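Asks: For reference, this is start33.cif, and it has mmCIF, C-alpha atoms.
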data_input
#
loop_
_atom_site.label_atom_id
_atom_site.label_comp_id
_atom_site.auth_asym_id
_atom_site.auth_seq_id
_atom_site.Cartn_x
_atom_site.Cartn_y
_atom_site.Cartn_z
CA MET P 1 218.11 33.47 128.83
CA LYS P 2 217.94 31.54 132.05
CA ASP P 3 220.48 29.00 132.99
CA ARG P 4 219.32 25.75 131.46
CA LEU P 5 221.04 23.65 134.10
CA GLU P 6 219.18 25.45 136.79
CA ASP P 7 215.97 24.85 134.84
CA LEU P 8 216.84 21.23 134.47
CA SER P 9 217.29 20.67 138.18
CA ALA P 10 214.06 22.56 138.80
CA LEU P 11 212.46 20.25 136.28
CA ALA P 12 213.90 17.21 138.02
CA ASP P 13 212.59 18.49 141.34
CA ALA P 14 209.17 19.09 139.90
CA VAL P 15 208.66 15.61 138.54
CA SER P 16 209.67 12.32 140.00
CA GLU P 17 213.15 11.07 139.13
CA HIS P 18 211.67 8.21 137.26
CA ASP P 19 209.92 10.61 134.88
CA VAL P 20 212.59 13.17 134.18
CA ASP P 21 214.38 11.27 131.42
CA GLU P 22 211.13 10.43 129.75
CA LEU P 23 209.93 13.99 130.08
CA LEU P 24 213.12 15.31 128.53
CA GLY P 25 212.71 12.83 125.70
CA LEU P 26 209.19 14.05 125.22
CA LEU P 27 210.21 17.71 125.22
CA SER P 28 212.81 17.05 122.54
CA ALA P 29 210.02 16.83 119.94
CA ARG P 30 209.17 20.28 118.62
CA GLU P 31 205.51 19.34 118.18
CA VAL P 32 205.38 18.66 121.92
CA ARG P 33 207.01 21.99 122.74
CA ILE P 34 204.61 23.84 120.45
CA THR P 35 201.64 22.01 121.97
CA LEU P 36 202.68 23.05 125.47
CA ALA P 37 203.45 26.59 124.35
CA TYR P 38 199.96 26.85 122.85
CA LEU P 39 198.32 25.40 125.96
CA TYR P 40 200.15 27.99 128.04
CA ASP P 41 197.95 30.69 126.51
CA HIS P 42 194.92 28.51 125.76
CA PRO P 43 194.52 25.84 128.47
CA ASN P 44 191.36 24.58 126.79
CA ALA P 45 192.13 23.86 123.17
CA THR P 46 191.22 21.50 120.35
CA VAL P 47 193.35 19.18 118.23
CA ASP P 48 192.44 21.39 115.24
CA GLU P 49 193.86 24.46 116.97
CA LEU P 50 197.03 22.61 117.95
CA ALA P 51 197.56 21.26 114.43
CA ALA P 52 197.12 24.82 113.07
CA ALA P 53 199.64 26.12 115.64
CA ILE P 54 202.19 23.44 114.72
CA THR P 55 201.78 24.20 111.01
CA GLY P 56 201.89 27.96 111.63
CA ALA P 57 204.99 27.85 113.82
CA ALA P 58 206.80 25.69 111.26
CA ALA P 59 205.76 28.11 108.49
CA ALA P 60 207.03 31.11 110.47
CA GLU P 61 210.34 29.37 111.04
CA SER P 62 210.90 28.29 107.44
CA GLY P 63 209.45 31.35 105.69
CA ARG P 64 207.29 29.03 103.61
CA ILE P 65 203.58 28.41 103.54
CA GLY P 66 202.10 25.64 105.62
CA GLY P 67 199.48 23.90 103.53
CA GLU P 68 196.72 21.43 104.16
CA SER P 69 199.02 18.40 103.89
CA GLU P 70 201.30 19.70 106.67
CA TYR P 71 198.21 20.41 108.73
CA GLU P 72 196.90 16.87 108.20
CA ARG P 73 200.27 15.42 109.17
CA ALA P 74 200.36 17.49 112.37
CA HIS P 75 196.82 16.35 113.14
CA VAL P 76 197.74 12.66 112.84
CA TYR P 77 200.93 13.07 114.85
CA LEU P 78 199.05 14.87 117.64
CA HIS P 79 196.40 12.18 117.78
CA HIS P 80 198.72 9.22 117.76
CA SER P 81 201.79 10.44 119.55
CA VAL P 82 201.98 13.88 121.14
CA LEU P 83 198.68 14.00 123.00
CA PRO P 84 198.54 10.40 124.29
CA ARG P 85 202.09 10.77 125.59
CA LEU P 86 201.40 14.09 127.30
CA GLN P 87 198.31 12.51 128.81
CA ASP P 88 200.35 9.52 130.07
CA HIS P 89 202.51 11.99 131.95
CA GLY P 90 199.43 13.56 133.49
CA LEU P 91 200.11 16.96 131.92
CA ILE P 92 196.92 17.13 129.88
CA GLU P 93 193.50 15.59 129.48
CA PHE P 94 192.87 14.50 125.92
CA ASP P 95 189.52 13.40 124.55
CA PRO P 96 190.22 11.75 121.19
CA VAL P 97 186.53 11.54 120.32
CA ASP P 98 185.69 15.21 120.84
CA GLY P 99 189.16 16.32 119.85
CA THR P 100 189.49 18.45 122.97
CA VAL P 101 192.63 19.02 124.97
CA GLU P 102 192.86 20.49 128.43
CA GLU P 103 196.00 21.48 130.25
CA VAL P 104 195.62 19.95 133.71
CA ASP P 105 199.00 19.85 135.35
CA VAL P 106 201.97 21.23 133.50
CA PRO P 107 204.54 22.03 136.21
CA PRO P 108 205.76 25.64 136.01
CA ALA P 109 209.25 24.14 135.80
CA VAL P 110 208.31 22.68 132.40
CA TYR P 111 207.21 26.11 131.16
CA ASP P 112 210.39 27.62 132.58
CA PHE P 113 212.39 24.96 130.80
CA LEU P 114 210.67 25.85 127.56
CA GLY P 115 211.47 29.52 128.14
CA VAL P 116 207.77 30.36 128.37
CA GLY P 117 206.24 32.86 130.75
CA GLU P 118 209.42 34.53 131.86
CA MET S 1 172.56 29.97 88.94
CA SER S 2 173.88 32.15 86.19
CA LEU S 3 175.61 35.47 86.44
CA GLU S 4 173.96 38.58 85.06
CA THR S 5 176.76 41.06 85.67
CA LEU S 6 180.43 41.23 86.58
CA GLY S 7 179.35 43.00 89.77
CA GLU S 8 177.31 39.95 90.71
CA ALA S 9 180.35 37.73 90.17
CA LEU S 10 182.32 39.87 92.55
CA GLU S 11 179.54 39.98 95.13
CA ARG S 12 179.30 36.22 95.11
CA ALA S 13 183.03 35.85 95.69
CA GLU S 14 182.85 38.41 98.46
CA ALA S 15 180.18 36.38 100.22
CA GLU S 16 182.72 33.59 100.79
CA ARG S 17 183.97 34.97 104.05
CA LYS S 18 187.36 33.78 105.25
CA ARG S 19 188.80 33.96 108.71
CA LEU S 20 192.27 35.11 109.50
CA GLU S 21 193.63 34.09 112.88
CA VAL S 22 196.56 36.19 113.94
CA HIS S 23 198.78 34.40 116.44
CA ALA S 24 201.17 36.89 118.00
CA SER S 25 202.51 37.92 121.35
CA ASP S 26 200.60 41.19 121.33
CA SER S 27 197.41 42.32 119.69
CA ASP S 28 198.82 45.38 117.89
CA VAL S 29 199.68 43.39 114.81
CA ALA S 30 196.14 41.98 114.68
CA VAL S 31 194.70 45.49 114.94
CA ASP S 32 196.88 46.55 112.01
CA LEU S 33 195.78 43.59 109.93
CA GLN S 34 192.16 44.24 110.81
CA ARG S 35 192.56 47.74 109.40
CA GLN S 36 194.08 46.37 106.21
CA PHE S 37 191.29 43.84 105.85
CA THR S 38 188.34 46.08 106.67
CA SER S 39 187.20 46.24 103.10
CA ARG S 40 188.14 42.65 102.32
CA ASN S 41 185.76 39.96 103.24
CA VAL S 42 187.98 38.55 105.94
CA ALA S 43 187.26 38.37 109.65
CA VAL S 44 190.46 39.02 111.57
CA GLU S 45 190.75 37.43 114.98
CA TYR S 46 193.60 37.77 117.47
CA ARG S 47 194.90 34.67 119.27
CA ARG S 48 197.42 35.29 122.02
CA ALA S 49 200.69 33.45 121.40
CA ALA S 50 203.04 34.85 124.04
CA ALA S 51 205.01 31.61 124.16
CA PHE S 52 205.91 31.69 120.45
CA GLN S 53 209.02 33.36 119.19
CA ASP S 54 207.60 34.25 115.78
CA GLY S 55 204.00 35.12 115.10
CA PHE S 56 202.00 33.49 112.35
CA VAL S 57 198.62 33.65 110.66
CA VAL S 58 196.16 30.85 109.99
CA ILE S 59 193.61 31.19 107.19
CA ARG S 60 190.31 29.35 107.48
CA ASP S 61 187.46 29.27 105.00
CA SER S 62 183.83 30.08 105.67
CA ASP S 63 183.31 26.52 106.99
CA ASP S 64 186.15 27.05 109.46
CA GLU S 65 188.39 24.57 107.64
CA PHE S 66 192.13 25.13 107.72
CA ARG S 67 193.39 26.53 104.40
CA GLY S 68 196.95 27.52 105.19
CA ALA S 69 199.39 29.12 107.59
CA LEU S 70 202.19 31.58 107.10
CA GLY S 71 204.69 33.46 109.28
CA LEU S 72 203.72 37.06 109.98
CA GLU S 73 206.81 38.27 108.21
CA GLY S 74 205.93 36.50 104.97
CA PHE S 75 202.33 37.63 105.28
CA ASP S 76 203.39 41.27 105.61
CA ALA S 77 205.40 40.84 102.47
CA ILE S 78 202.28 40.00 100.47
CA LEU S 79 200.10 42.64 102.04
CA SER S 80 202.47 45.57 101.94
CA PRO S 81 203.84 45.86 98.44
CA GLU S 82 204.82 49.45 99.27
CA ILE S 83 207.08 48.20 102.05
CA HIS S 84 208.22 45.02 100.34
CA PRO S 85 207.94 45.52 96.61
CA PRO S 86 207.60 42.23 94.72
CA TRP S 87 211.19 42.34 93.45
CA THR S 88 212.51 42.10 97.04
CA LEU S 89 210.50 38.93 97.50
CA GLU S 90 212.84 37.25 95.07
CA GLU S 91 215.62 37.68 97.59
CA THR S 92 213.70 35.81 100.26
CA ASP S 93 212.68 32.20 100.43
CA VAL S 94 209.08 33.15 99.87
CA ASP S 95 207.75 31.75 96.64
CA LEU S 96 205.58 34.33 94.91
CA GLY S 97 203.57 31.70 93.04
CA GLU S 98 202.80 29.99 96.31
CA LEU S 99 201.79 33.28 97.87
CA LEU S 100 199.45 33.96 94.99
CA ASP S 101 197.90 30.52 95.41
CA PHE S 102 197.57 31.09 99.11
CA LEU S 103 195.42 34.17 98.69
CA GLU S 104 193.45 32.63 95.85
CA GLY S 105 189.74 33.09 96.29
CA THR S 106 190.25 35.74 98.96
CA PRO S 107 188.64 39.00 97.93
CA PHE S 108 191.09 41.88 98.03
CA ALA S 109 190.66 45.61 98.38
CA SER S 110 192.54 48.63 97.14
CA ALA S 111 194.90 46.73 94.90
CA ASP S 112 196.75 48.93 92.45
CA ARG S 113 197.30 48.35 88.76
CA ARG S 114 200.75 46.86 89.28
CA GLN S 115 199.37 44.16 91.58
CA LEU S 116 196.55 43.35 89.18
CA LEU S 117 199.03 43.16 86.34
CA ALA S 118 200.99 40.53 88.28
CA VAL S 119 197.89 38.38 88.70
CA SER S 120 196.83 38.98 85.07
CA ARG S 121 200.27 37.79 83.96
CA GLU S 122 199.80 34.56 85.91
CA ILE S 123 196.55 33.90 84.08
CA GLU S 124 197.96 34.85 80.66
CA GLU S 125 201.00 32.64 81.24
CA ARG S 126 198.77 29.74 82.11
CA ALA S 127 196.81 30.27 78.88
CA TRP S 128 200.12 30.35 77.00
CA ARG S 129 201.27 27.07 78.58
CA VAL S 130 197.99 25.28 77.92
CA ALA S 131 197.87 26.72 74.37
CA ASP S 132 194.25 25.71 73.93
CA GLY S 133 191.01 27.15 75.24
CA THR S 134 189.44 30.57 75.75
CA LEU S 135 191.05 33.70 77.12
CA TYR S 136 188.87 36.74 77.76
CA ALA S 137 190.28 40.01 79.02
CA GLY S 138 188.55 43.29 79.74
CA PHE S 139 190.24 46.62 79.18
CA GLN S 140 188.71 49.70 80.70
CA ARG S 141 190.46 52.00 78.28
CA GLU S 142 191.79 51.83 74.78
CA ALA S 143 195.23 52.87 76.01
CA ALA S 144 195.35 49.92 78.42
CA PHE S 145 194.71 47.51 75.56
CA ALA S 146 197.21 49.31 73.35
CA ASP S 147 199.84 48.70 76.07
CA GLN S 148 199.13 44.97 76.08
CA LEU S 149 198.52 44.61 72.38
CA GLU S 150 201.76 42.81 71.66
CA VAL S 151 201.14 40.31 74.46
CA TYR S 152 197.62 39.58 73.27
CA GLU S 153 198.61 39.29 69.63
CA ARG S 154 201.22 36.70 70.60
CA LEU S 155 198.70 34.85 72.77
CA ALA S 156 196.28 34.71 69.85
CA THR S 157 198.87 32.95 67.69
CA ARG S 158 199.60 30.37 70.36
CA GLY S 159 198.24 26.88 69.61
CA THR S 160 194.49 26.99 69.30
CA LEU S 161 193.88 29.65 71.91
CA SER S 162 190.86 31.82 71.28
CA VAL S 163 191.57 35.33 72.56
CA THR S 164 189.00 38.10 72.93
CA ALA S 165 189.54 41.56 74.35
CA PHE S 166 186.58 43.52 75.74
CA LEU S 167 187.01 47.24 75.40
CA ASP S 168 185.09 50.21 76.72
CA ASP S 169 186.23 52.20 73.69
CA ALA S 170 185.98 51.70 69.99
CA TRP S 171 188.95 49.99 68.37
CA ASP S 172 189.74 50.69 64.75
CA ALA S 173 193.35 49.58 64.33
CA PRO S 174 193.94 46.34 62.46
CA LEU S 175 194.63 43.35 64.68
CA GLU S 176 196.51 40.11 64.18
CA GLY S 177 194.61 37.47 66.00
CA PRO S 178 192.60 38.65 68.99
CA SER S 179 188.95 39.56 68.52
CA VAL S 180 187.74 42.79 70.05
CA VAL S 181 184.33 43.46 71.54
CA SER S 182 183.52 47.13 72.10
CA ALA S 183 180.90 47.72 74.76
CA SER S 184 180.06 50.27 77.40
CA GLY S 185 178.79 49.92 80.96
CA GLU S 186 180.42 47.37 83.22
CA ILE S 187 183.40 46.87 80.91
CA GLY S 188 184.56 50.37 81.78
CA ARG S 189 184.50 49.73 85.51
CA PHE S 190 185.99 46.23 85.74
CA TRP S 191 189.38 44.74 85.18
CA PHE S 192 188.98 41.08 84.32
CA VAL S 193 190.91 38.21 82.81
CA ALA S 194 189.44 34.72 82.52
CA PHE S 195 190.88 31.55 81.10
CA GLU S 196 189.25 28.18 80.54
CA ALA S 197 191.06 25.31 78.84
CA ALA S 198 189.29 23.43 76.05
CA ASP S 199 189.17 19.92 77.53
CA THR S 200 189.65 20.33 81.25
CA ASP S 201 188.38 22.68 83.90
CA ARG S 202 191.47 22.10 86.03
CA GLN S 203 193.25 25.01 84.38
CA SER S 204 190.42 27.50 84.86
CA CYS S 205 191.31 30.79 86.48
CA ALA S 206 189.95 34.30 86.56
CA LEU S 207 190.49 37.74 87.99
CA VAL S 208 187.59 40.16 88.42
CA ALA S 209 188.20 43.55 89.99
CA GLU S 210 186.17 46.72 90.14
CA GLU S 211 187.76 50.16 90.16
CA ARG S 212 185.90 51.54 93.16
CA GLN S 213 188.22 54.51 93.58
CA PRO S 214 190.45 55.89 90.84
CA GLY S 215 193.38 53.49 90.46
CA LYS S 216 192.21 51.31 93.38
CA TYR S 217 190.56 47.98 92.76
CA ASP S 218 188.49 45.62 94.88
CA GLY S 219 188.19 42.15 93.51
CA VAL S 220 188.96 38.49 93.61
CA TRP S 221 190.90 35.95 91.66
CA THR S 222 190.13 32.31 91.74
CA TYR S 223 190.79 28.86 90.29
CA ASP S 224 187.23 27.77 91.01
CA PRO S 225 186.10 26.17 87.71
CA ALA S 226 182.40 26.76 88.41
CA PHE S 227 182.98 30.46 89.02
CA VAL S 228 185.18 30.80 85.92
CA GLY S 229 182.64 28.88 83.83
CA GLU S 230 179.81 31.17 84.85
CA LEU S 231 181.90 34.25 84.26
CA ILE S 232 182.75 33.09 80.75
CA GLU S 233 179.14 32.18 80.08
CA HIS S 234 178.03 35.65 81.19
CA LEU S 235 180.52 37.31 78.84
CA GLU S 236 179.51 35.12 75.91
CA ARG S 237 175.79 35.60 76.49
CA SER S 238 175.90 39.33 77.19
CA TYR S 239 178.31 40.30 74.44
CA GLY S 240 177.48 37.71 71.80
CA VAL S 241 180.90 36.11 71.57
CA SER S 242 181.96 32.50 71.51
CA GLY S 243 185.23 30.98 72.61
CA ALA S 244 187.18 27.92 71.65
#
Please re-express this file's structure in structure tokens.

Replies:
Amino acid sequence: MKDRLEDLSALADAVSEHDVDELLGLLSAREVRITLAYLYDHPNATVDELAAAITGAAAAESGRIGGESEYERAHVYLHHSVLPRLQDHGLIEFDPVDGTVEEVDVPPAVYDFLGVGE
Amino acid sequence: MSLETLGEALERAEAERKRLEVHASDSDVAVDLQRQFTSRNVAVEYRRAAAFQDGFVVIRDSDDEFRGALGLEGFDAILSPEIHPPWTLEETDVDLGELLDFLEGTPFASADRRQLLAVSREIEERAWRVADGTLYAGFQREAAFADQLEVYERLATRGTLSVTAFLDDAWDAPLEGPSVVSASGEIGRFWFVAFEAADTDRQSCALVAEERQPGKYDGVWTYDPAFVGELIEHLERSYGVSGA
């Protein structure tokens, strides 16, 4: 595993100082990390796909089955929190009407920080 | 729409095509699953998930609606009883009842007798708990019924359950409780168990499987009350029996 401190300073370099605390706060939510991890492989995705990925990743971690209620919860959380916040940071484009999500500008330092794409 | 044969019941269930999305870092696991699902009515699709530590599967129905998700490890445990026999599942966190529910309505292929017995037990136990309604079970051979005789005699004494066994052979031994219908044809090819409660269709469940190779069954089990109702109606109409 890469040195997290090194990643952190890379992250700080990649975004403005003003944003780094907020970005770290954002990345502390696992739904946000899963969303970005999914967009890494699928830069054009839908809220449905992301909700399925969040439910699936949680199921894989817990060894239990992710059902429709977990999926619905992930859907709501994406709509009202994860995606608007990622959009505010300019990392994605989110169309709440069509339910489409596009990765527009996730700095490689964010992916490095998440341990993705190494 | 009424059912004319058990084969038609199975065909109808098989027409409900599900989709299995396999999210994993490489496609090998999806290729393996595709092989396992070739004779099931499930379209397997690989979705790259290089950024995820553990792979998972997502099941969608024929309308593309999300039905459930499960880690690849847990999924393997259901699909490979030879690798993970059911008794090892007890040592994991995976709940067998939940797993059975998860695959409900998904046609399966090449199940063996032990797997079908596990599903049959679920249905029989439900009938026992409800203690009222109609339980129909098909036995391809006299010996198979003889093996389960004690279970079915007990079921027939439970509450106001009406229990009927369908047999491909003649049955002469005296019986305490269950009725026996001897018939030839489809009864000899299918393994089926169907339960419908007397006052509610929320307890309905059925298993229908055809022995397409010796000892290997393709089939479906379901909690769909309409499907179970039609199955029961077919059995009653074709074999002149009546339930509870």

Asks: When you draw a straight line from CA of Val29 (chain S) to CA of Val101 (chain P), how long is it in Å?

Replies: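 That distance, rounded to one decimal, is 27.3 Å.
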
Asks: I need the chain S residues near chain P as an MDAnalysis selection string; criterion: at most 7 Å, counting all atoms listed in the file.

Replies: chainID S and resid 48:49 51:52 54:58 66:72 74 93:94

Asks: What is the CA of Gly243 (chain S) to CA of Glu153 (chain S) distance in Å?

Replies: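 Atom-to-atom, CA of Gly243 (chain S) and CA of Glu153 (chain S) are spaced 16.0 Å apart.
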
Asks: For region 48-58 of chain P, take all atoms listed in the file, fit an axis-aligned box around them, add 6 Å to each of the six sides, then output centre and edge lengths in Å rounded to one decimal, as JSON.

Replies:
{"center_x": 199.6, "center_y": 24.6, "center_z": 114.5, "size_x": 26.4, "size_y": 18.7, "size_z": 18.9}

Asks: Taking the file as I've supplied it (selection: the PyMOL selection byres ((chain S and resi 236-241) around 12)), which residues are included? Please answer as a ChimeraX atom specification.

Replies: /S:2-6,134-136,138,162-167,179-187,194,229-235,242-244

Asks: If you measure from CA of Gln148 (chain S) to CA of Ala111 (chain S), what distance in Å do you get, rounded to one decimal?

Replies: 19.4 Å

Asks: Starting from the point (195.9, 34.6, 76.5), work out which residues of protein, DNA or RNA have an atom no more than 10 Å away when counting only C-alpha atoms; state them as an MDAnalysis selection string.

Replies: chainID S and resid 120:121 123:137 151:158 161:165 178 193:195

Asks: Quick one: everything within 8 Å of region 9-11 of chain P, counting all atoms listed in the file, minus sequence neighbours fewer than 5 positions away in the same chain. Send it as a ChimeraX atom specification.

Replies: /P:20,109-110,113

Asks: Give me the result of the PyMOL selection byres ((chain P and resi 29) around 12) on this file, residue by residue, as a list in words.

Replies: Glu22, Leu23, Leu24, Gly25, Leu26, Leu27, Ser28, Arg30, Glu31, Val32, Arg33, Ile34, Thr35, Leu36, Ile54, Tyr77, Leu78, Ser81, Val82, Arg85, Leu86 and Leu114 of chain P

Asks: Step by step, work through what the PyMOL selection byres ((chain S and resi 11-16) around 9) selects in the shown file, and finish by giving those residues as a PyMOL selection string.

Replies: chain S and resi 6-10+17-18+40-42+61-62+105-108+219-222+227
